[in-house]
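Colleague: Take a look at final30.txt, compact mmCIF, C-alpha atoms and all ligand atoms:
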# COMPACT_ATOMS: atom_id res chain seq x y z
CA MET X 713 13.64 6.12 9.63
CA ILE X 714 10.82 4.34 11.44
CA ARG X 715 11.41 1.69 14.07
CA VAL X 716 8.64 -0.07 15.96
CA GLU X 717 9.26 -2.80 18.54
CA ASP X 718 6.72 -4.92 20.36
CA LEU X 719 4.12 -2.17 20.18
CA ARG X 720 0.86 -2.78 22.04
CA LYS X 721 -2.38 -0.86 22.22
CA SER X 722 -5.83 -1.84 23.45
CA TYR X 723 -9.04 0.13 23.49
CA ARG X 724 -11.11 -0.96 26.48
CA GLY X 725 -10.71 -4.67 25.92
CA THR X 726 -10.21 -4.55 22.15
CA THR X 727 -6.62 -5.35 21.22
CA ALA X 728 -5.64 -3.17 18.26
CA LEU X 729 -1.85 -3.74 18.31
CA ASP X 730 -0.57 -6.99 19.74
CA GLY X 731 3.23 -6.77 19.77
CA LEU X 732 3.85 -5.20 16.39
CA ASP X 733 7.37 -4.88 14.92
CA LEU X 734 8.23 -2.74 11.91
CA GLU X 735 11.23 -1.05 10.32
CA VAL X 736 11.15 1.39 7.43
CA ALA X 737 14.36 2.48 5.70
CA GLU X 738 14.98 6.14 4.92
CA GLY X 739 13.74 7.22 1.48
CA SER X 740 11.70 4.07 0.90
CA VAL X 741 8.00 3.53 0.36
CA ALA X 742 6.65 0.96 2.78
CA ALA X 743 3.13 -0.40 2.81
CA LEU X 744 1.21 -1.80 5.72
CA LEU X 745 -1.22 -4.21 4.15
CA GLY X 746 -4.13 -5.60 6.10
CA PRO X 747 -7.87 -5.99 6.27
CA ASN X 748 -10.26 -3.69 8.07
CA GLY X 749 -9.59 -3.69 11.80
CA ALA X 750 -6.03 -5.04 11.46
CA GLY X 751 -4.60 -2.11 13.46
CA LYS X 752 -3.21 0.02 10.63
CA SER X 753 -4.77 3.34 11.64
CA THR X 754 -3.87 2.74 15.28
CA LEU X 755 -0.22 2.35 14.32
CA ILE X 756 -0.24 5.45 12.13
CA ARG X 757 -1.88 7.49 14.89
CA ILE X 758 0.75 6.34 17.39
CA LEU X 759 3.60 7.15 14.98
CA ALA X 760 2.05 10.56 14.30
CA THR X 761 1.97 11.19 18.11
CA LEU X 762 -1.84 11.44 18.13
CA LEU X 763 -2.27 8.36 20.32
CA ARG X 764 -0.13 6.87 23.10
CA PRO X 765 0.77 3.19 22.97
CA ASP X 766 0.26 1.01 26.07
CA SER X 767 3.78 -0.41 25.77
CA GLY X 768 6.60 -1.06 23.34
CA ARG X 769 8.86 1.28 21.39
CA ALA X 770 8.12 3.53 18.43
CA GLU X 771 10.68 5.89 16.93
CA VAL X 772 10.58 8.21 13.93
CA GLY X 773 13.89 9.63 12.71
CA GLY X 774 15.50 8.31 15.87
CA PHE X 775 13.09 10.18 18.17
CA SER X 776 10.70 8.43 20.52
CA VAL X 777 7.07 9.23 19.73
CA THR X 778 6.21 9.21 23.44
CA ALA X 779 9.29 10.89 24.97
CA GLN X 780 10.04 13.37 22.14
CA PRO X 781 6.74 14.01 20.36
CA TYR X 782 7.68 17.58 19.35
CA ARG X 783 10.82 16.36 17.59
CA VAL X 784 8.76 13.75 15.77
CA ARG X 785 6.11 16.26 14.73
CA ALA X 786 8.75 18.45 13.12
CA LEU X 787 9.64 15.58 10.78
CA ILE X 788 6.30 14.20 9.71
CA GLY X 789 3.28 14.82 7.52
CA LEU X 790 0.00 12.93 7.74
CA THR X 791 -2.66 12.45 5.10
CA GLY X 792 -5.69 10.58 6.31
CA GLN X 793 -8.82 9.09 4.84
CA PHE X 794 -10.78 12.14 5.87
CA THR X 795 -9.28 15.07 4.10
CA ALA X 796 -8.33 18.19 5.99
CA VAL X 797 -9.38 20.43 3.13
CA ASP X 798 -11.32 23.67 3.73
CA ASP X 799 -14.21 23.72 1.24
CA LEU X 800 -14.62 27.50 1.32
CA LEU X 801 -11.05 28.18 0.25
CA THR X 802 -9.62 27.63 -3.21
CA GLY X 803 -7.07 24.89 -3.73
CA HIS X 804 -4.31 27.47 -3.78
CA GLU X 805 -5.58 29.20 -0.64
CA ASN X 806 -5.75 25.87 1.18
CA LEU X 807 -2.09 25.21 0.56
CA VAL X 808 -0.96 28.74 1.37
CA LEU X 809 -2.90 28.54 4.65
CA VAL X 810 -1.04 25.38 5.63
CA GLY X 811 2.28 26.95 4.65
CA ARG X 812 1.53 30.07 6.70
CA LEU X 813 0.54 27.97 9.73
CA TYR X 814 3.98 26.42 9.45
CA ARG X 815 5.47 29.92 9.34
CA LEU X 816 6.62 30.01 5.74
CA SER X 817 6.82 33.56 4.35
CA PRO X 818 3.83 34.52 2.15
CA ALA X 819 6.01 34.46 -0.98
CA LYS X 820 7.52 31.09 -0.12
CA ALA X 821 4.12 29.59 0.71
CA ARG X 822 2.67 30.83 -2.59
CA GLY X 823 5.60 29.53 -4.60
CA LEU X 824 5.51 26.09 -2.98
CA ALA X 825 1.71 25.94 -3.39
CA ASP X 826 2.04 26.65 -7.12
CA ASP X 827 4.67 23.93 -7.51
CA LEU X 828 2.63 21.35 -5.64
CA LEU X 829 -0.62 22.16 -7.45
CA ASP X 830 1.15 21.64 -10.76
CA ALA X 831 2.81 18.44 -9.55
CA PHE X 832 -0.58 16.97 -8.61
CA ASP X 833 -2.47 18.03 -11.73
CA LEU X 834 -4.44 20.68 -9.89
CA GLY X 835 -2.95 23.70 -11.64
CA GLU X 836 -6.10 24.44 -13.62
CA ALA X 837 -8.36 24.04 -10.59
CA ALA X 838 -6.09 26.05 -8.29
CA GLY X 839 -8.40 29.10 -8.27
CA ARG X 840 -11.60 27.12 -7.67
CA ARG X 841 -13.15 26.56 -4.26
CA ALA X 842 -12.16 23.14 -2.93
CA GLY X 843 -15.85 22.43 -2.27
CA THR X 844 -16.28 21.99 -6.03
CA TYR X 845 -13.49 19.37 -6.29
CA SER X 846 -14.11 15.68 -6.95
CA GLY X 847 -13.11 13.11 -4.33
CA GLY X 848 -9.89 12.34 -6.17
CA MET X 849 -8.96 16.01 -6.47
CA ARG X 850 -9.55 16.53 -2.74
CA ARG X 851 -7.25 13.62 -1.92
CA ARG X 852 -4.55 15.08 -4.15
CA LEU X 853 -4.99 18.49 -2.56
CA ASP X 854 -4.72 16.88 0.85
CA LEU X 855 -1.55 15.11 -0.22
CA ALA X 856 -0.15 18.42 -1.46
CA ALA X 857 -1.07 20.05 1.87
CA GLY X 858 0.86 17.30 3.66
CA LEU X 859 3.91 18.23 1.59
CA MET X 860 3.81 21.99 2.23
CA THR X 861 6.07 21.44 5.23
CA ARG X 862 8.51 19.27 3.25
CA PRO X 863 8.22 16.41 5.77
CA ARG X 864 10.97 13.81 5.89
CA VAL X 865 8.39 11.17 6.71
CA LEU X 866 4.91 11.07 5.26
CA PHE X 867 2.14 8.86 6.59
CA LEU X 868 -0.64 8.05 4.13
CA ASP X 869 -3.53 6.32 5.84
CA GLU X 870 -5.52 4.47 3.17
CA PRO X 871 -4.84 7.16 0.58
CA THR X 872 -7.19 5.75 -2.06
CA THR X 873 -9.98 4.12 -0.04
CA GLY X 874 -13.31 5.14 -1.54
CA LEU X 875 -11.88 6.49 -4.80
CA ASP X 876 -13.02 5.24 -8.18
CA PRO X 877 -10.44 3.26 -10.19
CA ARG X 878 -9.43 6.19 -12.36
CA SER X 879 -8.90 8.58 -9.44
CA ARG X 880 -6.97 5.83 -7.73
CA ARG X 881 -4.57 5.58 -10.66
CA THR X 882 -4.01 9.35 -10.68
CA MET X 883 -3.36 9.26 -6.94
CA TRP X 884 -0.92 6.40 -7.43
CA SER X 885 1.12 8.31 -9.96
CA ALA X 886 1.19 11.29 -7.57
CA ILE X 887 2.44 9.06 -4.74
CA ARG X 888 5.00 7.37 -6.97
CA ARG X 889 6.63 10.69 -7.69
CA LEU X 890 7.09 11.46 -3.98
CA PRO X 891 10.21 9.40 -3.28
CA GLU X 892 12.07 11.57 -5.79
CA ARG X 893 11.89 14.21 -3.09
CA GLY X 894 13.63 11.88 -0.64
CA THR X 895 10.55 11.53 1.54
CA THR X 896 10.14 8.29 3.48
CA ILE X 897 6.59 7.06 3.08
CA LEU X 898 4.56 4.67 5.18
CA LEU X 899 1.18 4.00 3.65
CA THR X 900 -1.61 1.74 4.79
CA THR X 901 -3.86 -0.08 2.42
CA GLN X 902 -6.42 -2.85 2.16
CA TYR X 903 -5.62 -3.21 -1.53
CA LEU X 904 -3.04 -5.76 -2.52
CA GLU X 905 -2.72 -4.17 -5.92
CA GLU X 906 -1.94 -0.84 -4.30
CA ALA X 907 0.85 -2.25 -2.13
CA ASP X 908 2.26 -4.08 -5.14
CA HIS X 909 2.15 -0.93 -7.23
CA LEU X 910 3.58 1.59 -4.80
CA ALA X 911 5.74 -0.05 -2.18
CA SER X 912 9.23 -1.51 -2.19
CA ALA X 913 8.60 -3.15 1.19
CA VAL X 914 5.30 -4.60 2.33
CA THR X 915 4.39 -5.65 5.85
CA VAL X 916 1.34 -7.85 6.07
CA ILE X 917 -0.58 -7.06 9.24
CA ASP X 918 -3.53 -8.87 10.73
CA ARG X 919 -5.02 -8.63 14.22
CA GLY X 920 -2.39 -6.19 15.40
CA ARG X 921 0.60 -8.29 14.44
CA ALA X 922 3.04 -8.24 11.54
CA LEU X 923 2.72 -11.59 9.78
CA ALA X 924 5.47 -11.10 7.22
CA THR X 925 7.64 -8.41 5.68
CA GLY X 926 9.35 -8.40 2.32
CA THR X 927 9.36 -6.99 -1.16
CA PRO X 928 6.16 -7.66 -3.08
CA GLU X 929 8.14 -10.27 -5.04
CA GLN X 930 9.33 -12.05 -1.88
CA LEU X 931 5.82 -12.16 -0.47
CA LYS X 932 4.49 -13.56 -3.70
CA ALA X 933 7.20 -16.22 -3.61
CA ARG X 934 5.95 -17.28 -0.18
CA ALA X 935 2.66 -18.15 -1.80
CA GLY X 936 4.51 -20.70 -3.95
CA GLY X 937 6.20 -20.34 -7.31
CA ALA X 938 4.75 -20.37 -10.80
CA ARG X 939 2.09 -22.82 -11.98
CA ALA X 940 1.36 -24.12 -15.45
CA GLU X 941 -2.30 -24.28 -16.41
CA VAL X 942 -3.42 -26.46 -19.28
CA VAL X 943 -6.97 -26.25 -20.59
CA LEU X 944 -7.96 -29.45 -22.35
CA ALA X 945 -10.06 -29.57 -25.50
CA ASP X 946 -11.38 -32.97 -24.46
CA PRO X 947 -11.78 -33.90 -20.75
CA ARG X 948 -11.32 -37.58 -21.65
CA GLN X 949 -7.62 -36.77 -22.10
CA THR X 950 -7.28 -35.67 -18.46
CA ALA X 951 -5.36 -38.79 -17.43
CA ALA X 952 -2.92 -38.51 -20.33
CA ALA X 953 -2.33 -34.81 -19.63
CA THR X 954 -1.87 -35.39 -15.90
CA GLU X 955 0.65 -38.15 -16.59
CA ILE X 956 2.77 -35.81 -18.75
CA MET X 957 2.48 -32.89 -16.35
CA THR X 958 3.72 -35.01 -13.46
CA ARG X 959 7.12 -34.91 -15.20
CA TYR X 960 7.18 -31.14 -14.70
CA GLY X 961 6.00 -30.79 -11.14
CA PRO X 962 4.44 -32.60 -8.18
CA ALA X 963 0.77 -33.49 -7.86
CA PRO X 964 -1.14 -31.85 -10.74
CA THR X 965 -4.68 -30.82 -9.79
CA VAL X 966 -7.73 -31.03 -12.01
CA GLU X 967 -10.62 -28.57 -12.01
CA GLY X 968 -13.08 -28.98 -14.86
CA GLU X 969 -11.04 -29.02 -18.07
CA THR X 970 -8.07 -27.30 -16.43
CA VAL X 971 -5.05 -29.19 -15.15
CA THR X 972 -2.61 -27.21 -12.99
CA VAL X 973 0.85 -28.10 -11.77
CA PRO X 974 3.62 -26.14 -9.97
CA VAL X 975 6.50 -25.67 -12.41
CA ALA X 976 9.82 -23.91 -12.87
CA GLU X 977 9.76 -20.78 -15.03
CA GLY X 978 10.44 -21.39 -18.73
CA VAL X 979 9.09 -24.92 -19.11
CA LEU X 980 6.05 -24.06 -21.22
CA PRO X 981 7.61 -24.76 -24.65
CA ASP X 982 8.75 -28.24 -23.55
CA LEU X 983 5.42 -28.97 -21.90
CA LEU X 984 3.59 -27.93 -25.06
CA ARG X 985 5.79 -30.17 -27.21
CA ASP X 986 5.24 -33.18 -24.90
CA LEU X 987 1.47 -32.70 -24.85
CA ASP X 988 1.42 -32.36 -28.61
CA ALA X 989 3.59 -35.47 -29.11
CA ALA X 990 1.17 -37.46 -26.93
CA GLY X 991 -1.79 -36.27 -29.01
CA VAL X 992 -3.34 -34.27 -26.18
CA SER X 993 -5.21 -31.35 -27.71
CA ILE X 994 -5.54 -28.17 -25.68
CA THR X 995 -7.41 -24.90 -25.96
CA GLY X 996 -5.29 -22.92 -23.51
CA LEU X 997 -1.89 -22.88 -21.85
CA ALA X 998 -0.67 -20.34 -19.31
CA LEU X 999 2.05 -19.73 -16.77
CA ARG X 1000 0.51 -18.21 -13.64
CA ARG X 1001 2.71 -16.37 -11.18
CA PRO X 1002 1.29 -15.95 -7.68
CA THR X 1003 -0.27 -12.60 -6.93
CA LEU X 1004 0.05 -10.67 -3.71
CA ASP X 1005 -3.52 -11.85 -3.13
CA ASP X 1006 -2.33 -15.44 -3.06
CA ALA X 1007 0.43 -14.42 -0.64
CA PHE X 1008 -1.99 -12.66 1.65
CA LEU X 1009 -4.32 -15.61 1.75
CA ALA X 1010 -1.45 -18.01 2.36
CA LEU X 1011 -0.17 -15.89 5.25
CA THR X 1012 -3.48 -15.20 6.94
CA GLY X 1013 -4.79 -18.72 6.46
CA GLY X 1014 -7.37 -17.52 3.98
CA ASP X 1015 -9.72 -15.78 6.38
CA LEU X 1016 -9.63 -12.38 4.67
P1 LIG K 1 -7.48 -0.60 10.59
O1 LIG K 1 -6.97 0.80 10.41
O2 LIG K 1 -6.50 -1.64 10.13
O3 LIG K 1 -8.83 -0.80 9.99
P2 LIG K 1 -7.78 0.14 13.37
O4 LIG K 1 -6.44 0.50 13.90
O5 LIG K 1 -8.69 1.24 13.00
O6 LIG K 1 -7.61 -0.88 12.15
O7 LIG K 1 -8.55 -0.77 14.44
C1 LIG K 1 -7.95 -1.89 15.10
C2 LIG K 1 -8.93 -2.45 16.11
O8 LIG K 1 -9.14 -1.51 17.17
C3 LIG K 1 -10.29 -2.76 15.55
O9 LIG K 1 -10.77 -3.92 16.21
C4 LIG K 1 -11.11 -1.55 15.92
O10 LIG K 1 -12.47 -1.88 16.05
C5 LIG K 1 -10.51 -1.15 17.24
N1 LIG K 1 -10.58 0.32 17.47
C6 LIG K 1 -10.00 1.28 16.71
N2 LIG K 1 -10.23 2.51 17.23
C7 LIG K 1 -10.97 2.33 18.35
C8 LIG K 1 -11.53 3.21 19.35
N3 LIG K 1 -11.35 4.53 19.28
N4 LIG K 1 -12.25 2.64 20.36
C9 LIG K 1 -12.42 1.31 20.43
N5 LIG K 1 -11.92 0.43 19.55
C10 LIG K 1 -11.21 0.91 18.51
Please lay out the structure from this file as structure tokens.
Ligand code: ADP

Modeller:
Amino acid sequence: MIRVEDLRKSYRGTTALDGLDLEVAEGSVAALLGPNGAGKSTLIRILATLLRPDSGRAEVGGFSVTAQPYRVRALIGLTGQFTAVDDLLTGHENLVLVGRLYRLSPAKARGLADDLLDAFDLGEAAGRRAGTYSGGMRRRLDLAAGLMTRPRVLFLDEPTTGLDPRSRRTMWSAIRRLPERGTTILLTTQYLEEADHLASAVTVIDRGRALATGTPEQLKARAGGARAEVVLADPRQTAAATEIMTRYGPAPTVEGETVTVPVAEGVLPDLLRDLDAAGVSITGLALRRPTLDDAFLALTGGDL
């Protein structure tokens, strides 16, 4: 549904996109994960036909964003960090306005607005002026406005940046329900947890380039597999513990009372038995799987 090849864009000497490649399958939720300044907004603005690239190819639904921008615009919705909500109108009026601008009949616009307000937990607030909404409610209203046109592709540019954790969770559950409508979603985020939570495909982007693409699980695997962590009751048993743990994986590392070694999944019971048999007493034992954080740091060389 989205295809980007060798896309480049500079702003007077600042390179924002430096040969970016990206593919997003129809009906999927893809996340573009990267730090501030990575080029995420620039890409979204190019795909939404708001900005022209210097070179490279970008297509949405098979249409070129530069040669066929009107065809692209008919397919897409865009929800940005800065909400396009009119404070003087009620939530319901905001949505009906958007629907009418897109030439839905009044009845159709009202019906769709009601459905979307309910879907995003705004039913009770529908008759209140949007100026009285919380930040999280405004984001959800903005998301609903983006759906009034039933877009086939929805761009969400940092949909939860600046929200408190609870509003973020509510926004997440709203976004998670979107693919049921068959909408293809490309979201950008600085939050690893958000990409992990929402997306089936994640592209890690840094300095205008895609560093890696995969499922959250695949990216985590690139940061190495699982590790066993043993917390010793007595640091004087470090040597004994290390000796045993070497049987389970290469080069255990010691930090304070904790000895860590890369292991295969499912070895903890055996490891525990061996430690016990050797008289090593422990206060903690855990299997740690790599997080997307670990993956990100591994891919970017840790300069996040
Ligand atoms: P992100 O969305 O990942 O934070 P952006 O696409 O906004 O990244 O920015 C990428 C780079 O381009 C940054 O170095 C940023 O400072 C620069 N940039 C973005 N917009 C402009 C602009 N309008 N003028 C000059 N530089 C810009």

Colleague: For region 835-842 of chain X, please output as a list of chain:residue names all residues within 9 Å (counting only C-alpha atoms; exclusion window: fewer than 3 positions along the same chain).

Modeller: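 Residues near the query, excluding close chain neighbours: X:Val797, X:Asp798, X:Asp799, X:Leu800, X:Leu801, X:Thr802, X:Gly803, X:His804, X:Glu805, X:Asn806, X:Asp826, X:Asp827, X:Leu828, X:Leu829, X:Asp830, X:Ala831, X:Phe832, X:Tyr845, X:Ser846, X:Met849, X:Arg850, X:Leu853.
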
Colleague: Could you tell me how far CA of Arg880 (chain X) sits from CA of Arg862 (chain X), in Å to one decimal place?

Modeller: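 Computed distance, CA of Arg862 (chain X) to CA of Arg880 (chain X), equals 23.3 Å.
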
Colleague: So which one's closest to ligand LIG 1 (chain K), X:Asp982, X:Glu967, X:Asp908, X:Asp918? Using all atoms listed in the file, please.

Modeller: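 Once distances to ligand LIG 1 (chain K) are computed over all atoms listed in the file, the minimum belongs to X:Asp918.
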
Colleague: Could you check how far CA of Ala742 (chain X) sits from atom O6 of ligand LIG 1 (chain K), in Å to one decimal?

Modeller: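 Computing it gives 17.2 Å between the two atoms.
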
Colleague: Would you compute the distance between CA of Gln930 (chain X) and CA of Leu899 (chain X)? Give it in Å to one decimal.

Modeller: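 According to the coordinates, CA of Gln930 (chain X) and CA of Leu899 (chain X) are separated by 18.8 Å.
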
Colleague: Could I get region 831-869 of chain X from the block written as an mmCIF file, in the first residue's frame, with N, CA and C atoms?

Modeller:
data_model
loop_
_atom_site.group_PDB
_atom_site.id
_atom_site.type_symbol
_atom_site.label_atom_id
_atom_site.label_comp_id
_atom_site.auth_asym_id
_atom_site.auth_seq_id
_atom_site.Cartn_x
_atom_site.Cartn_y
_atom_site.Cartn_z
ATOM 1 N N ALA X 831 -17.165 5.006 19.203
ATOM 2 C CA ALA X 831 -16.020 4.105 19.077
ATOM 3 C C ALA X 831 -14.813 4.636 19.854
ATOM 4 N N PHE X 832 -14.695 5.952 19.981
ATOM 5 C CA PHE X 832 -13.536 6.519 20.670
ATOM 6 C C PHE X 832 -13.874 7.062 22.056
ATOM 7 N N ASP X 833 -14.918 6.523 22.641
ATOM 8 C CA ASP X 833 -15.270 6.885 24.026
ATOM 9 C C ASP X 833 -15.538 8.369 24.204
ATOM 10 N N LEU X 834 -16.113 8.978 23.195
ATOM 11 C CA LEU X 834 -16.417 10.405 23.288
ATOM 12 C C LEU X 834 -17.921 10.648 23.225
ATOM 13 N N GLY X 835 -18.697 9.577 23.294
ATOM 14 C CA GLY X 835 -20.145 9.700 23.173
ATOM 15 C C GLY X 835 -20.737 10.681 24.170
ATOM 16 N N GLU X 836 -20.280 10.575 25.432
ATOM 17 C CA GLU X 836 -20.841 11.445 26.466
ATOM 18 C C GLU X 836 -20.439 12.894 26.289
ATOM 19 N N ALA X 837 -19.254 13.109 25.719
ATOM 20 C CA ALA X 837 -18.739 14.480 25.562
ATOM 21 C C ALA X 837 -19.114 15.076 24.206
ATOM 22 N N ALA X 838 -19.877 14.329 23.414
ATOM 23 C CA ALA X 838 -20.144 14.732 22.026
ATOM 24 C C ALA X 838 -20.759 16.126 21.917
ATOM 25 N N GLY X 839 -21.592 16.514 22.913
ATOM 26 C CA GLY X 839 -22.284 17.796 22.833
ATOM 27 C C GLY X 839 -21.537 18.940 23.501
ATOM 28 N N ARG X 840 -20.326 18.630 24.013
ATOM 29 C CA ARG X 840 -19.531 19.684 24.668
ATOM 30 C C ARG X 840 -18.577 20.333 23.690
ATOM 31 N N ARG X 841 -18.275 21.628 23.913
ATOM 32 C CA ARG X 841 -17.307 22.300 23.065
ATOM 33 C C ARG X 841 -15.954 21.609 23.197
ATOM 34 N N ALA X 842 -15.266 21.449 22.069
ATOM 35 C CA ALA X 842 -13.988 20.735 22.084
ATOM 36 C C ALA X 842 -12.947 21.476 22.917
ATOM 37 N N GLY X 843 -13.133 22.797 23.103
ATOM 38 C CA GLY X 843 -12.216 23.574 23.931
ATOM 39 C C GLY X 843 -12.165 23.096 25.379
ATOM 40 N N THR X 844 -13.193 22.366 25.803
ATOM 41 C CA THR X 844 -13.225 21.868 27.184
ATOM 42 C C THR X 844 -12.634 20.463 27.303
ATOM 43 N N TYR X 845 -12.195 19.882 26.171
ATOM 44 C CA TYR X 845 -11.678 18.505 26.201
ATOM 45 C C TYR X 845 -10.259 18.465 26.767
ATOM 46 N N SER X 846 -9.913 17.317 27.356
ATOM 47 C CA SER X 846 -8.525 17.084 27.781
ATOM 48 C C SER X 846 -7.671 16.792 26.546
ATOM 49 N N GLY X 847 -6.349 16.790 26.741
ATOM 50 C CA GLY X 847 -5.433 16.512 25.635
ATOM 51 C C GLY X 847 -5.721 15.167 24.981
ATOM 52 N N GLY X 848 -5.988 14.163 25.803
ATOM 53 C CA GLY X 848 -6.253 12.832 25.269
ATOM 54 C C GLY X 848 -7.550 12.793 24.466
ATOM 55 N N MET X 849 -8.558 13.509 24.964
ATOM 56 C CA MET X 849 -9.842 13.534 24.244
ATOM 57 C C MET X 849 -9.692 14.250 22.897
ATOM 58 N N ARG X 850 -8.881 15.300 22.874
ATOM 59 C CA ARG X 850 -8.670 16.030 21.610
ATOM 60 C C ARG X 850 -7.988 15.138 20.577
ATOM 61 N N ARG X 851 -7.006 14.358 21.058
ATOM 62 C CA ARG X 851 -6.315 13.451 20.136
ATOM 63 C C ARG X 851 -7.300 12.425 19.571
ATOM 64 N N ARG X 852 -8.180 11.928 20.437
ATOM 65 C CA ARG X 852 -9.135 10.920 19.961
ATOM 66 C C ARG X 852 -10.129 11.548 19.001
ATOM 67 N N LEU X 853 -10.501 12.794 19.269
ATOM 68 C CA LEU X 853 -11.415 13.484 18.354
ATOM 69 C C LEU X 853 -10.730 13.707 17.005
ATOM 70 N N ASP X 854 -9.456 14.043 17.066
ATOM 71 C CA ASP X 854 -8.693 14.263 15.849
ATOM 72 C C ASP X 854 -8.591 12.970 15.037
ATOM 73 N N LEU X 855 -8.370 11.878 15.751
ATOM 74 C CA LEU X 855 -8.302 10.570 15.102
ATOM 75 C C LEU X 855 -9.656 10.257 14.435
ATOM 76 N N ALA X 856 -10.723 10.538 15.157
ATOM 77 C CA ALA X 856 -12.064 10.306 14.597
ATOM 78 C C ALA X 856 -12.276 11.180 13.359
ATOM 79 N N ALA X 857 -11.801 12.427 13.414
ATOM 80 C CA ALA X 857 -11.955 13.325 12.262
ATOM 81 C C ALA X 857 -11.214 12.751 11.054
ATOM 82 N N GLY X 858 -10.042 12.166 11.307
ATOM 83 C CA GLY X 858 -9.267 11.563 10.227
ATOM 84 C C GLY X 858 -9.973 10.385 9.596
ATOM 85 N N LEU X 859 -10.941 9.810 10.326
ATOM 86 C CA LEU X 859 -11.636 8.623 9.811
ATOM 87 C C LEU X 859 -12.970 8.959 9.162
ATOM 88 N N MET X 860 -13.390 10.223 9.244
ATOM 89 C CA MET X 860 -14.685 10.617 8.668
ATOM 90 C C MET X 860 -14.736 10.343 7.168
ATOM 91 N N THR X 861 -13.569 10.333 6.543
ATOM 92 C CA THR X 861 -13.530 10.125 5.091
ATOM 93 C C THR X 861 -13.293 8.661 4.745
ATOM 94 N N ARG X 862 -13.293 7.794 5.765
ATOM 95 C CA ARG X 862 -12.981 6.376 5.558
ATOM 96 C C ARG X 862 -11.735 6.186 4.700
ATOM 97 N N PRO X 863 -10.597 6.723 5.132
ATOM 98 C CA PRO X 863 -9.380 6.612 4.321
ATOM 99 C C PRO X 863 -8.900 5.167 4.257
ATOM 100 N N ARG X 864 -8.263 4.827 3.153
ATOM 101 C CA ARG X 864 -7.679 3.475 3.056
ATOM 102 C C ARG X 864 -6.313 3.438 3.724
ATOM 103 N N VAL X 865 -5.698 4.614 3.817
ATOM 104 C CA VAL X 865 -4.398 4.717 4.483
ATOM 105 C C VAL X 865 -4.459 5.858 5.479
ATOM 106 N N LEU X 866 -4.038 5.576 6.693
ATOM 107 C CA LEU X 866 -4.069 6.613 7.722
ATOM 108 C C LEU X 866 -2.649 6.828 8.242
ATOM 109 N N PHE X 867 -2.229 8.088 8.219
ATOM 110 C CA PHE X 867 -0.925 8.438 8.783
ATOM 111 C C PHE X 867 -1.138 9.030 10.167
ATOM 112 N N LEU X 868 -0.437 8.488 11.142
ATOM 113 C CA LEU X 868 -0.532 9.003 12.509
ATOM 114 C C LEU X 868 0.862 9.477 12.912
ATOM 115 N N ASP X 869 1.047 10.780 12.941
ATOM 116 C CA ASP X 869 2.370 11.313 13.257
ATOM 117 C C ASP X 869 2.474 11.546 14.763
#
